[in-house]
$ cat input.cif   # mmCIF, C-alpha atoms
data_final
#
loop_
_atom_site.group_PDB
_atom_site.id
_atom_site.type_symbol
_atom_site.label_atom_id
_atom_site.label_comp_id
_atom_site.auth_asym_id
_atom_site.auth_seq_id
_atom_site.Cartn_x
_atom_site.Cartn_y
_atom_site.Cartn_z
ATOM 1 C CA MET A 1 -46.454 -17.127 6.122
ATOM 2 C CA GLU A 2 -44.314 -19.872 4.705
ATOM 3 C CA ASN A 3 -44.777 -18.504 1.199
ATOM 4 C CA ASN A 4 -43.533 -15.119 2.357
ATOM 5 C CA ASN A 5 -40.468 -16.757 3.846
ATOM 6 C CA GLN A 6 -39.823 -18.599 0.621
ATOM 7 C CA ASN A 7 -40.070 -15.372 -1.324
ATOM 8 C CA TYR A 8 -37.513 -13.735 0.929
ATOM 9 C CA SER A 9 -35.330 -16.787 0.958
ATOM 10 C CA HIS A 10 -34.767 -16.321 -2.781
ATOM 11 C CA GLN A 11 -32.991 -13.061 -1.955
ATOM 12 C CA ALA A 12 -31.371 -14.358 1.186
ATOM 13 C CA LEU A 13 -27.749 -15.299 1.614
ATOM 14 C CA SER A 14 -26.210 -17.579 4.169
ATOM 15 C CA ILE A 15 -24.621 -15.855 7.157
ATOM 16 C CA GLU A 16 -21.217 -16.988 5.931
ATOM 17 C CA LYS A 17 -21.665 -15.256 2.587
ATOM 18 C CA LEU A 18 -23.044 -12.068 4.139
ATOM 19 C CA MET A 19 -20.107 -11.811 6.509
ATOM 20 C CA ALA A 20 -17.524 -12.802 3.942
ATOM 21 C CA ALA A 21 -18.595 -10.290 1.276
ATOM 22 C CA PRO A 22 -16.975 -7.170 2.823
ATOM 23 C CA PHE A 23 -13.796 -9.089 3.638
ATOM 24 C CA ILE A 24 -13.553 -10.429 0.116
ATOM 25 C CA ALA A 25 -14.061 -6.877 -1.199
ATOM 26 C CA ALA A 26 -11.285 -5.599 1.101
ATOM 27 C CA ALA A 27 -8.926 -8.380 0.031
ATOM 28 C CA ASP A 28 -9.676 -7.575 -3.624
ATOM 29 C CA ALA A 29 -9.005 -3.877 -2.974
ATOM 30 C CA ASN A 30 -5.678 -4.731 -1.317
ATOM 31 C CA ALA A 31 -4.713 -6.946 -4.245
ATOM 32 C CA LYS A 32 -5.593 -4.163 -6.699
ATOM 33 C CA MET A 33 -3.484 -1.642 -4.773
ATOM 34 C CA ALA A 34 -0.562 -4.063 -4.671
ATOM 35 C CA ARG A 35 -0.810 -4.534 -8.451
ATOM 36 C CA GLU A 36 -0.914 -0.760 -9.034
ATOM 37 C CA GLN A 37 2.129 -0.240 -6.827
ATOM 38 C CA ALA A 38 4.035 -3.011 -8.557
ATOM 39 C CA LYS A 39 3.146 -1.479 -11.934
ATOM 40 C CA PHE A 40 4.249 1.956 -10.722
ATOM 41 C CA LEU A 41 7.495 0.491 -9.457
ATOM 42 C CA MET A 42 8.274 -1.269 -12.718
ATOM 43 C CA ASP A 43 7.155 1.625 -14.961
ATOM 44 C CA THR A 44 8.806 4.394 -12.983
ATOM 45 C CA CYS A 45 11.932 2.924 -11.483
ATOM 46 C CA PHE A 46 13.028 0.440 -14.130
ATOM 47 C CA GLU A 47 13.750 0.475 -17.843
ATOM 48 C CA GLN A 48 12.851 -2.594 -19.804
ATOM 49 C CA ASN A 49 15.417 -3.938 -22.192
ATOM 50 C CA GLY A 50 14.032 -7.043 -23.845
ATOM 51 C CA ASP A 51 13.393 -9.553 -21.092
ATOM 52 C CA SER A 52 15.452 -7.751 -18.506
ATOM 53 C CA PHE A 53 14.862 -4.662 -16.408
ATOM 54 C CA ARG A 54 17.532 -2.156 -15.492
ATOM 55 C CA PRO A 55 17.081 0.321 -12.651
ATOM 56 C CA LYS A 56 16.673 3.941 -13.698
ATOM 57 C CA MET A 57 19.588 5.906 -12.300
ATOM 58 C CA VAL A 58 19.695 9.455 -11.030
ATOM 59 C CA SER A 59 22.791 11.607 -10.759
ATOM 60 C CA LEU A 60 23.979 13.248 -7.585
ATOM 61 C CA SER A 61 27.048 15.233 -6.752
ATOM 62 C CA MET A 62 29.140 14.950 -3.629
ATOM 63 C CA THR A 63 31.409 17.648 -2.264
ATOM 64 C CA ARG A 64 34.012 16.839 0.367
ATOM 65 C CA SER A 65 37.232 18.247 1.716
ATOM 66 C CA SER A 66 40.262 16.393 0.491
ATOM 67 C CA ALA A 67 43.446 16.159 2.548
ATOM 68 C CA ASN A 68 45.282 15.106 -0.616
ATOM 69 C CA ASN A 69 44.221 18.323 -2.250
ATOM 70 C CA GLY A 70 45.435 20.696 0.442
ATOM 71 C CA GLY A 71 42.036 20.853 2.135
ATOM 72 C CA LYS A 72 40.304 22.058 -1.004
ATOM 73 C CA GLU A 73 36.905 20.699 -1.793
ATOM 74 C CA ASP A 74 36.481 17.951 -4.385
ATOM 75 C CA THR A 75 33.239 17.444 -6.208
ATOM 76 C CA LEU A 76 32.431 13.967 -7.452
ATOM 77 C CA GLN A 77 29.506 12.701 -9.449
ATOM 78 C CA PHE A 78 27.749 9.468 -8.578
ATOM 79 C CA GLU A 79 24.596 7.700 -9.598
ATOM 80 C CA LEU A 80 22.112 5.733 -7.605
ATOM 81 C CA PRO A 81 18.937 3.918 -8.535
ATOM 82 C CA LEU A 82 15.773 5.984 -8.380
ATOM 83 C CA ILE A 83 14.140 3.187 -6.374
ATOM 84 C CA THR A 84 16.438 3.939 -3.425
ATOM 85 C CA ILE A 85 15.255 7.520 -3.001
ATOM 86 C CA ILE A 86 11.504 7.232 -3.595
ATOM 87 C CA PRO A 87 10.008 6.629 -0.129
ATOM 88 C CA PHE A 88 8.055 3.493 -0.914
ATOM 89 C CA ASN A 89 5.557 2.026 1.495
ATOM 90 C CA SER A 90 3.071 -0.729 0.962
ATOM 91 C CA LEU A 91 -0.348 0.872 0.871
ATOM 92 C CA CYS A 92 -3.221 -1.269 2.008
ATOM 93 C CA ILE A 93 -6.362 -1.540 4.082
ATOM 94 C CA THR A 94 -4.983 -1.933 7.576
ATOM 95 C CA ASP A 95 -8.149 -2.550 9.527
ATOM 96 C CA MET A 96 -11.804 -3.058 8.918
ATOM 97 C CA SER A 97 -14.956 -3.445 10.951
ATOM 98 C CA MET A 98 -18.510 -4.110 9.931
ATOM 99 C CA LYS A 99 -21.848 -3.891 11.632
ATOM 100 C CA PHE A 100 -25.233 -5.041 10.463
ATOM 101 C CA ASP A 101 -28.488 -6.394 11.786
ATOM 102 C CA MET A 102 -29.589 -9.580 10.155
ATOM 103 C CA GLU A 103 -33.125 -10.645 9.530
ATOM 104 C CA ILE A 104 -33.330 -14.447 9.472
ATOM 105 C CA VAL A 105 -35.733 -15.397 6.717
ATOM 106 C CA ALA A 106 -34.988 -19.062 6.163
ATOM 107 C CA TYR A 107 -32.905 -21.920 7.353
ATOM 108 C CA THR A 108 -31.958 -25.320 6.090
ATOM 109 C CA GLY A 109 -31.905 -28.348 8.328
ATOM 110 C CA SER A 110 -34.673 -29.247 10.789
ATOM 111 C CA ASN A 111 -35.404 -31.517 13.740
ATOM 112 C CA ALA A 112 -37.333 -33.901 11.534
ATOM 113 C CA THR A 113 -34.601 -34.452 8.962
ATOM 114 C CA PRO A 114 -31.404 -33.088 10.454
ATOM 115 C CA GLU A 115 -28.479 -32.554 8.086
ATOM 116 C CA LYS A 116 -25.140 -33.692 9.441
ATOM 117 C CA ASP A 117 -21.725 -32.305 8.815
ATOM 118 C CA ASP A 118 -18.486 -34.277 8.336
ATOM 119 C CA GLN A 119 -18.126 -34.890 12.078
ATOM 120 C CA GLY A 120 -21.686 -36.137 12.401
ATOM 121 C CA LYS A 121 -22.912 -33.016 14.148
ATOM 122 C CA GLU A 122 -26.309 -31.678 13.210
ATOM 123 C CA LYS A 123 -25.980 -28.791 10.825
ATOM 124 C CA CYS A 124 -28.290 -25.845 10.413
ATOM 125 C CA THR A 125 -27.636 -23.038 7.971
ATOM 126 C CA LEU A 126 -29.318 -19.707 8.509
ATOM 127 C CA HIS A 127 -30.260 -17.514 5.591
ATOM 128 C CA GLY A 128 -31.099 -13.898 5.931
ATOM 129 C CA ASN A 129 -31.131 -10.395 4.667
ATOM 130 C CA ILE A 130 -29.369 -7.430 6.101
ATOM 131 C CA SER A 131 -32.022 -5.817 8.208
ATOM 132 C CA TYR A 132 -33.165 -2.218 8.328
ATOM 133 C CA ASP A 133 -31.770 0.109 10.918
ATOM 134 C CA SER A 134 -34.019 -0.392 13.931
ATOM 135 C CA LYS A 135 -33.448 3.196 15.052
ATOM 136 C CA GLU A 136 -35.059 4.581 11.922
ATOM 137 C CA ASN A 137 -38.757 5.252 11.551
ATOM 138 C CA GLY A 138 -40.925 4.529 8.516
ATOM 139 C CA ALA A 139 -42.053 0.935 8.246
ATOM 140 C CA ALA A 140 -42.813 1.143 4.520
ATOM 141 C CA SER A 141 -39.297 1.981 3.532
ATOM 142 C CA LYS A 142 -37.562 -0.276 6.054
ATOM 143 C CA ARG A 143 -37.120 -3.268 3.792
ATOM 144 C CA ARG A 144 -35.745 -1.119 1.002
ATOM 145 C CA GLN A 145 -33.231 0.451 3.350
ATOM 146 C CA SER A 146 -31.281 -2.503 4.638
ATOM 147 C CA LYS A 147 -27.965 -1.279 5.912
ATOM 148 C CA MET A 148 -24.578 -2.759 6.478
ATOM 149 C CA SER A 149 -21.991 -0.380 7.808
ATOM 150 C CA VAL A 150 -18.412 -1.192 6.917
ATOM 151 C CA GLU A 151 -15.592 0.937 8.230
ATOM 152 C CA ILE A 152 -12.169 0.549 6.735
ATOM 153 C CA ASN A 153 -8.906 2.352 7.343
ATOM 154 C CA GLY A 154 -6.048 2.564 4.923
ATOM 155 C CA GLY A 155 -2.437 2.854 5.871
ATOM 156 C CA THR A 156 1.019 1.617 5.213
ATOM 157 C CA ILE A 157 2.757 -1.571 6.156
ATOM 158 C CA PRO A 158 6.431 -2.511 5.802
ATOM 159 C CA LEU A 159 7.647 -3.317 2.322
ATOM 160 C CA PRO A 160 7.846 -6.943 1.259
ATOM 161 C CA PRO A 161 11.199 -8.482 2.272
ATOM 162 C CA GLY A 162 12.163 -9.050 -1.370
ATOM 163 C CA LEU A 163 11.839 -5.381 -2.261
ATOM 164 C CA THR A 164 13.571 -4.319 0.956
ATOM 165 C CA THR A 165 16.474 -6.610 0.120
ATOM 166 C CA LEU A 166 16.686 -5.180 -3.397
ATOM 167 C CA ILE A 167 16.719 -1.569 -2.152
ATOM 168 C CA ASP A 168 19.237 -2.468 0.539
ATOM 169 C CA PHE A 169 21.466 -4.128 -2.033
ATOM 170 C CA TYR A 170 21.376 -1.071 -4.269
ATOM 171 C CA SER A 171 21.890 1.331 -1.354
ATOM 172 C CA LYS A 172 24.997 -0.456 -0.152
ATOM 173 C CA ASN A 173 26.634 -0.424 -3.555
ATOM 174 C CA ILE A 174 26.772 3.274 -4.257
ATOM 175 C CA LYS A 175 30.082 4.133 -5.822
ATOM 176 C CA THR A 176 31.505 7.398 -7.031
ATOM 177 C CA SER A 177 32.666 7.636 -10.616
ATOM 178 C CA MET N 178 5.688 16.136 8.127
ATOM 179 C CA ILE N 179 8.620 15.259 5.915
ATOM 180 C CA ALA N 180 9.731 11.668 6.294
ATOM 181 C CA GLU N 181 13.456 11.270 6.558
ATOM 182 C CA GLN N 182 15.188 8.739 4.433
ATOM 183 C CA LYS N 183 18.776 7.743 4.314
ATOM 184 C CA MET N 184 21.339 6.724 1.766
ATOM 185 C CA ALA N 185 24.837 5.369 2.188
ATOM 186 C CA CYS N 186 27.598 7.922 1.842
ATOM 187 C CA PRO N 187 29.676 7.057 -1.253
ATOM 188 C CA SER N 188 32.770 8.206 0.600
ATOM 189 C CA CYS N 189 32.594 6.470 3.988
ATOM 190 C CA ASN N 190 29.399 4.369 3.805
ATOM 191 C CA SER N 191 27.830 6.096 6.799
ATOM 192 C CA ASP N 192 24.254 7.319 6.715
ATOM 193 C CA ILE N 193 23.202 10.484 4.969
ATOM 194 C CA PHE N 194 19.697 11.479 6.020
ATOM 195 C CA PHE N 195 17.639 13.354 3.487
ATOM 196 C CA SER N 196 14.105 14.252 2.539
ATOM 197 C CA ILE N 197 13.096 13.860 -1.050
ATOM 198 C CA PRO N 198 11.089 17.120 -1.356
ATOM 199 C CA LEU N 199 14.114 19.081 -0.174
ATOM 200 C CA LEU N 200 16.438 17.036 -2.352
ATOM 201 C CA ILE N 201 14.276 17.884 -5.369
ATOM 202 C CA ALA N 202 14.269 21.534 -4.308
ATOM 203 C CA GLY N 203 18.059 21.559 -4.536
ATOM 204 C CA ALA N 204 19.091 21.202 -0.895
ATOM 205 C CA SER N 205 22.296 19.416 0.004
ATOM 206 C CA PHE N 206 22.609 16.895 2.821
ATOM 207 C CA THR N 207 25.594 16.140 4.976
ATOM 208 C CA CYS N 208 27.116 12.805 5.896
ATOM 209 C CA THR N 209 26.942 12.148 9.628
ATOM 210 C CA HIS N 210 30.526 10.843 9.653
ATOM 211 C CA CYS N 211 32.732 12.488 7.018
ATOM 212 C CA SER N 212 30.762 15.699 6.459
ATOM 213 C CA ALA N 213 30.583 15.189 2.720
ATOM 214 C CA HIS N 214 27.696 17.054 1.127
ATOM 215 C CA VAL N 215 25.452 15.431 -1.460
ATOM 216 C CA LYS N 216 22.858 17.025 -3.671
ATOM 217 C CA LEU N 217 20.804 16.021 -6.643
ATOM 218 C CA ALA N 218 22.309 16.922 -9.998
ATOM 219 C CA GLY N 219 20.233 19.497 -11.827
ATOM 220 C CA SER N 220 19.848 17.180 -14.814
ATOM 221 C CA SER N 221 18.119 14.510 -12.686
ATOM 222 C CA ALA N 222 15.818 16.801 -10.716
ATOM 223 C CA PRO N 223 12.931 16.827 -13.263
ATOM 224 C CA ASP N 224 12.897 13.012 -13.501
ATOM 225 C CA VAL N 225 12.941 12.562 -9.741
ATOM 226 C CA LYS N 226 10.249 15.197 -9.288
ATOM 227 C CA ALA N 227 8.009 13.546 -11.903
ATOM 228 C CA SER N 228 8.436 10.129 -10.296
ATOM 229 C CA TYR N 229 7.840 11.457 -6.798
ATOM 230 C CA ASP N 230 4.714 13.348 -7.900
ATOM 231 C CA LYS N 231 3.448 10.184 -9.556
ATOM 232 C CA TYR N 232 4.070 8.244 -6.357
ATOM 233 C CA LEU N 233 2.206 10.832 -4.264
ATOM 234 C CA GLU N 234 -0.698 10.702 -6.711
ATOM 235 C CA LEU N 235 -0.818 6.907 -6.471
ATOM 236 C CA LYS N 236 -0.752 7.108 -2.675
ATOM 237 C CA LYS N 237 -3.470 9.771 -2.621
ATOM 238 C CA ASN N 238 -5.709 7.775 -4.960
ATOM 239 C CA ALA N 239 -5.195 4.551 -3.024
ATOM 240 C CA LEU N 240 -6.094 6.153 0.286
ATOM 241 C CA ALA N 241 -9.041 8.020 -1.247
ATOM 242 C CA LYS N 242 -10.474 4.762 -2.566
ATOM 243 C CA ASN N 243 -10.445 3.424 0.978
#
$ encode --input "input.cif" --output "C-alpha cells"
Amino acid sequence: MENNNQNYSHQALSIEKLMAAPFIAAADANAKMAREQAKFLMDTCFEQNGDSFRPKMVSLSMTRSSANNGGKEDTLQFELPLITIIPFNSLCITDMSMKFDMEIVAYTGSNATPEKDDQGKEKCTLHGNISYDSKENGAASKRRQSKMSVEINGGTIPLPPGLTTLIDFYSKNIKTS
Amino acid sequence: MIAEQKMACPSCNSDIFFSIPLLIAGASFTCTHCSAHVKLAGSSAPDVKASYDKYLELKKNALAKN
C-alpha cells in the first residue's frame, strides 16, 4: 500500500501548486494580452522616429456657420491623433473559477516527527492528484481522466491612468489649422 | 451596439459624440453646443478603417483565447 502511495506521490503536487496553476496561467494570459495591446498601440497609433514616437494624425473637416461671413458656412481642416478616436479598452480575464476533486496520495509531516513552520506551528503538506469525476462510470479509465474544470470570462476594464491621461491631453488640444 | 465616443469640438471645446464605424462610413457629427459638423476627411478614412479593423481583430482574438 505504501509503495503504491509512493508511486503516486511522484506524480503528485502540493495543494498550493495545484490551486495556483490555473491562476498563474490566467495571469500569464493577461500579461500576454497587455503586451499585444501595447504593441498594437505603438505600431498602429504612433510613428517611430529614432528614439521618439510621434502620434499618427488623421484629418477631419469641420463645417460651421460664421457670423463674420454673413452666415455662410466655413469649412476648416483639423487633425487629431488616431489614438483619440480608436475606442481602446483594456482586454483581460475579468473573472475565473475552478473546480476539482483532489485525491490525497501523500503528505509530509507526521505525529512522530512533526515539521514546524516559522511560527512554531506543526506543518503538514498534502500532496495529491486531481481526481476523476465521481459522477462518471468506468473504474478502469478513472485515473486517466482526472478533471479540473476552470471557467474564465474575458472582458474589458478601464484603461491604465497613464494612457487615459495621454488621450485626454491629446483630446483637449485639438486645434483647427 | 455602437459605442459612443466623444471628441472636443475644435471650435468651442464642447463634446462631439461620434461612433467610429459611422465616422469611417462618412457620417458627420454635430457639436452639442455650437452645432459645428465634423467628418473624417476622405484621405484619412482608409487609414482609420485599417487601424479600427486591426483593433477589432485583436479584440476578437483576445476574447476567443479566453
$ interface_residues --input "input.cif" --of "chain N" --to "chain A" --cutoff "9 Å" --atoms "all atoms listed in the file" --output "PDB file with C-alpha atoms, in the coordinates of the input"
ATOM      1  CA  ALA N 180       9.731  11.668   6.294  1.00  0.00           C
ATOM      2  CA  GLU N 181      13.456  11.270   6.558  1.00  0.00           C
ATOM      3  CA  GLN N 182      15.188   8.739   4.433  1.00  0.00           C
ATOM      4  CA  LYS N 183      18.776   7.743   4.314  1.00  0.00           C
ATOM      5  CA  MET N 184      21.339   6.724   1.766  1.00  0.00           C
ATOM      6  CA  ALA N 185      24.837   5.369   2.188  1.00  0.00           C
ATOM      7  CA  CYS N 186      27.598   7.922   1.842  1.00  0.00           C
ATOM      8  CA  PRO N 187      29.676   7.057  -1.253  1.00  0.00           C
ATOM      9  CA  SER N 188      32.770   8.206   0.600  1.00  0.00           C
ATOM     10  CA  ASN N 190      29.399   4.369   3.805  1.00  0.00           C
ATOM     11  CA  SER N 196      14.105  14.252   2.539  1.00  0.00           C
ATOM     12  CA  ILE N 197      13.096  13.860  -1.050  1.00  0.00           C
ATOM     13  CA  SER N 205      22.296  19.416   0.004  1.00  0.00           C
ATOM     14  CA  CYS N 211      32.732  12.488   7.018  1.00  0.00           C
ATOM     15  CA  SER N 212      30.762  15.699   6.459  1.00  0.00           C
ATOM     16  CA  ALA N 213      30.583  15.189   2.720  1.00  0.00           C
ATOM     17  CA  HIS N 214      27.696  17.054   1.127  1.00  0.00           C
ATOM     18  CA  VAL N 215      25.452  15.431  -1.460  1.00  0.00           C
ATOM     19  CA  LYS N 216      22.858  17.025  -3.671  1.00  0.00           C
ATOM     20  CA  LEU N 217      20.804  16.021  -6.643  1.00  0.00           C
ATOM     21  CA  ALA N 218      22.309  16.922  -9.998  1.00  0.00           C
ATOM     22  CA  GLY N 219      20.233  19.497 -11.827  1.00  0.00           C
ATOM     23  CA  SER N 220      19.848  17.180 -14.814  1.00  0.00           C
ATOM     24  CA  SER N 221      18.119  14.510 -12.686  1.00  0.00           C
ATOM     25  CA  ALA N 222      15.818  16.801 -10.716  1.00  0.00           C
ATOM     26  CA  ASP N 224      12.897  13.012 -13.501  1.00  0.00           C
ATOM     27  CA  VAL N 225      12.941  12.562  -9.741  1.00  0.00           C
ATOM     28  CA  SER N 228       8.436  10.129 -10.296  1.00  0.00           C
ATOM     29  CA  TYR N 229       7.840  11.457  -6.798  1.00  0.00           C
ATOM     30  CA  LYS N 231       3.448  10.184  -9.556  1.00  0.00           C
ATOM     31  CA  TYR N 232       4.070   8.244  -6.357  1.00  0.00           C
ATOM     32  CA  LEU N 235      -0.818   6.907  -6.471  1.00  0.00           C
ATOM     33  CA  LYS N 236      -0.752   7.108  -2.675  1.00  0.00           C
ATOM     34  CA  ALA N 239      -5.195   4.551  -3.024  1.00  0.00           C
ATOM     35  CA  LEU N 240      -6.094   6.153   0.286  1.00  0.00           C
ATOM     36  CA  ALA N 241      -9.041   8.020  -1.247  1.00  0.00           C
ATOM     37  CA  LYS N 242     -10.474   4.762  -2.566  1.00  0.00           C
ATOM     38  CA  ASN N 243     -10.445   3.424   0.978  1.00  0.00           C
TER      39      ASN N 243
END
$ axis_aligned_box --input "input.cif" --around "range 78-85 of chain A" --padding-each-side "5 Å" --output "JSON"
{"center_x": 20.9, "center_y": 6.3, "center_z": -6.3, "size_x": 23.6, "size_y": 16.3, "size_z": 16.6}
$ atom_distance --input "input.cif" --atom1 "CA of Ser149 in chain A" --atom2 "CA of Met19 in chain A"
11.7 Å
$ atom_distance --input "input.cif" --atom1 "CA of Arg54 in chain A" --atom2 "CA of Leu166 in chain A"
12.5 Å
$ atom_distance --input "input.cif" --atom1 "CA of Ser14 in chain A" --atom2 "CA of Val150 in chain A"
18.4 Å
$ decode --input "input.cif" --residues "range 179-228 of chain N" --atoms "C-alpha atoms" --output "PDB file, in the first residue's frame"
ATOM      1  CA  ILE N 179     -22.255  51.015 -31.372  1.00  0.00           C
ATOM      2  CA  ALA N 180     -20.294  52.539 -28.525  1.00  0.00           C
ATOM      3  CA  GLU N 181     -20.364  56.294 -28.497  1.00  0.00           C
ATOM      4  CA  GLN N 182     -17.170  58.188 -28.125  1.00  0.00           C
ATOM      5  CA  LYS N 183     -16.559  61.853 -27.868  1.00  0.00           C
ATOM      6  CA  MET N 184     -14.031  64.381 -29.017  1.00  0.00           C
ATOM      7  CA  ALA N 185     -13.604  68.026 -28.131  1.00  0.00           C
ATOM      8  CA  CYS N 186     -15.055  70.462 -30.626  1.00  0.00           C
ATOM      9  CA  PRO N 187     -12.187  72.462 -32.182  1.00  0.00           C
ATOM     10  CA  SER N 188     -14.445  75.499 -32.247  1.00  0.00           C
ATOM     11  CA  CYS N 189     -15.942  75.693 -28.748  1.00  0.00           C
ATOM     12  CA  ASN N 190     -14.359  72.748 -26.882  1.00  0.00           C
ATOM     13  CA  SER N 191     -17.714  71.151 -26.108  1.00  0.00           C
ATOM     14  CA  ASP N 192     -18.314  67.461 -26.668  1.00  0.00           C
ATOM     15  CA  ILE N 193     -18.952  65.973 -30.067  1.00  0.00           C
ATOM     16  CA  PHE N 194     -20.283  62.437 -29.740  1.00  0.00           C
ATOM     17  CA  PHE N 195     -19.462  60.055 -32.536  1.00  0.00           C
ATOM     18  CA  SER N 196     -19.191  56.398 -33.404  1.00  0.00           C
ATOM     19  CA  ILE N 197     -16.145  55.257 -35.268  1.00  0.00           C
ATOM     20  CA  PRO N 198     -17.922  52.884 -37.709  1.00  0.00           C
ATOM     21  CA  LEU N 199     -20.180  55.727 -38.812  1.00  0.00           C
ATOM     22  CA  LEU N 200     -17.274  58.151 -38.915  1.00  0.00           C
ATOM     23  CA  ILE N 201     -15.423  55.756 -41.223  1.00  0.00           C
ATOM     24  CA  ALA N 202     -18.566  55.395 -43.330  1.00  0.00           C
ATOM     25  CA  GLY N 203     -18.528  59.141 -43.945  1.00  0.00           C
ATOM     26  CA  ALA N 204     -21.137  60.391 -41.480  1.00  0.00           C
ATOM     27  CA  SER N 205     -20.794  63.819 -39.928  1.00  0.00           C
ATOM     28  CA  PHE N 206     -21.366  64.555 -36.251  1.00  0.00           C
ATOM     29  CA  THR N 207     -22.640  67.713 -34.659  1.00  0.00           C
ATOM     30  CA  CYS N 208     -21.272  69.644 -31.713  1.00  0.00           C
ATOM     31  CA  THR N 209     -23.721  69.736 -28.816  1.00  0.00           C
ATOM     32  CA  HIS N 210     -23.024  73.440 -28.232  1.00  0.00           C
ATOM     33  CA  CYS N 211     -22.115  75.311 -31.425  1.00  0.00           C
ATOM     34  CA  SER N 212     -23.667  72.967 -33.994  1.00  0.00           C
ATOM     35  CA  ALA N 213     -20.458  72.655 -35.962  1.00  0.00           C
ATOM     36  CA  HIS N 214     -20.327  69.499 -38.054  1.00  0.00           C
ATOM     37  CA  VAL N 215     -17.229  67.322 -38.196  1.00  0.00           C
ATOM     38  CA  LYS N 216     -16.459  64.456 -40.509  1.00  0.00           C
ATOM     39  CA  LEU N 217     -13.465  62.378 -41.389  1.00  0.00           C
ATOM     40  CA  ALA N 218     -11.504  63.599 -44.390  1.00  0.00           C
ATOM     41  CA  GLY N 219     -11.670  61.156 -47.269  1.00  0.00           C
ATOM     42  CA  SER N 220      -7.882  60.880 -47.357  1.00  0.00           C
ATOM     43  CA  SER N 221      -7.763  59.573 -43.762  1.00  0.00           C
ATOM     44  CA  ALA N 222     -10.666  57.134 -43.982  1.00  0.00           C
ATOM     45  CA  PRO N 223      -8.628  54.135 -45.279  1.00  0.00           C
ATOM     46  CA  ASP N 224      -6.012  54.516 -42.518  1.00  0.00           C
ATOM     47  CA  VAL N 225      -8.622  54.803 -39.788  1.00  0.00           C
ATOM     48  CA  LYS N 226     -10.563  51.860 -41.189  1.00  0.00           C
ATOM     49  CA  ALA N 227      -7.426  49.688 -41.327  1.00  0.00           C
ATOM     50  CA  SER N 228      -6.499  50.577 -37.750  1.00  0.00           C
TER      51      SER N 228
END
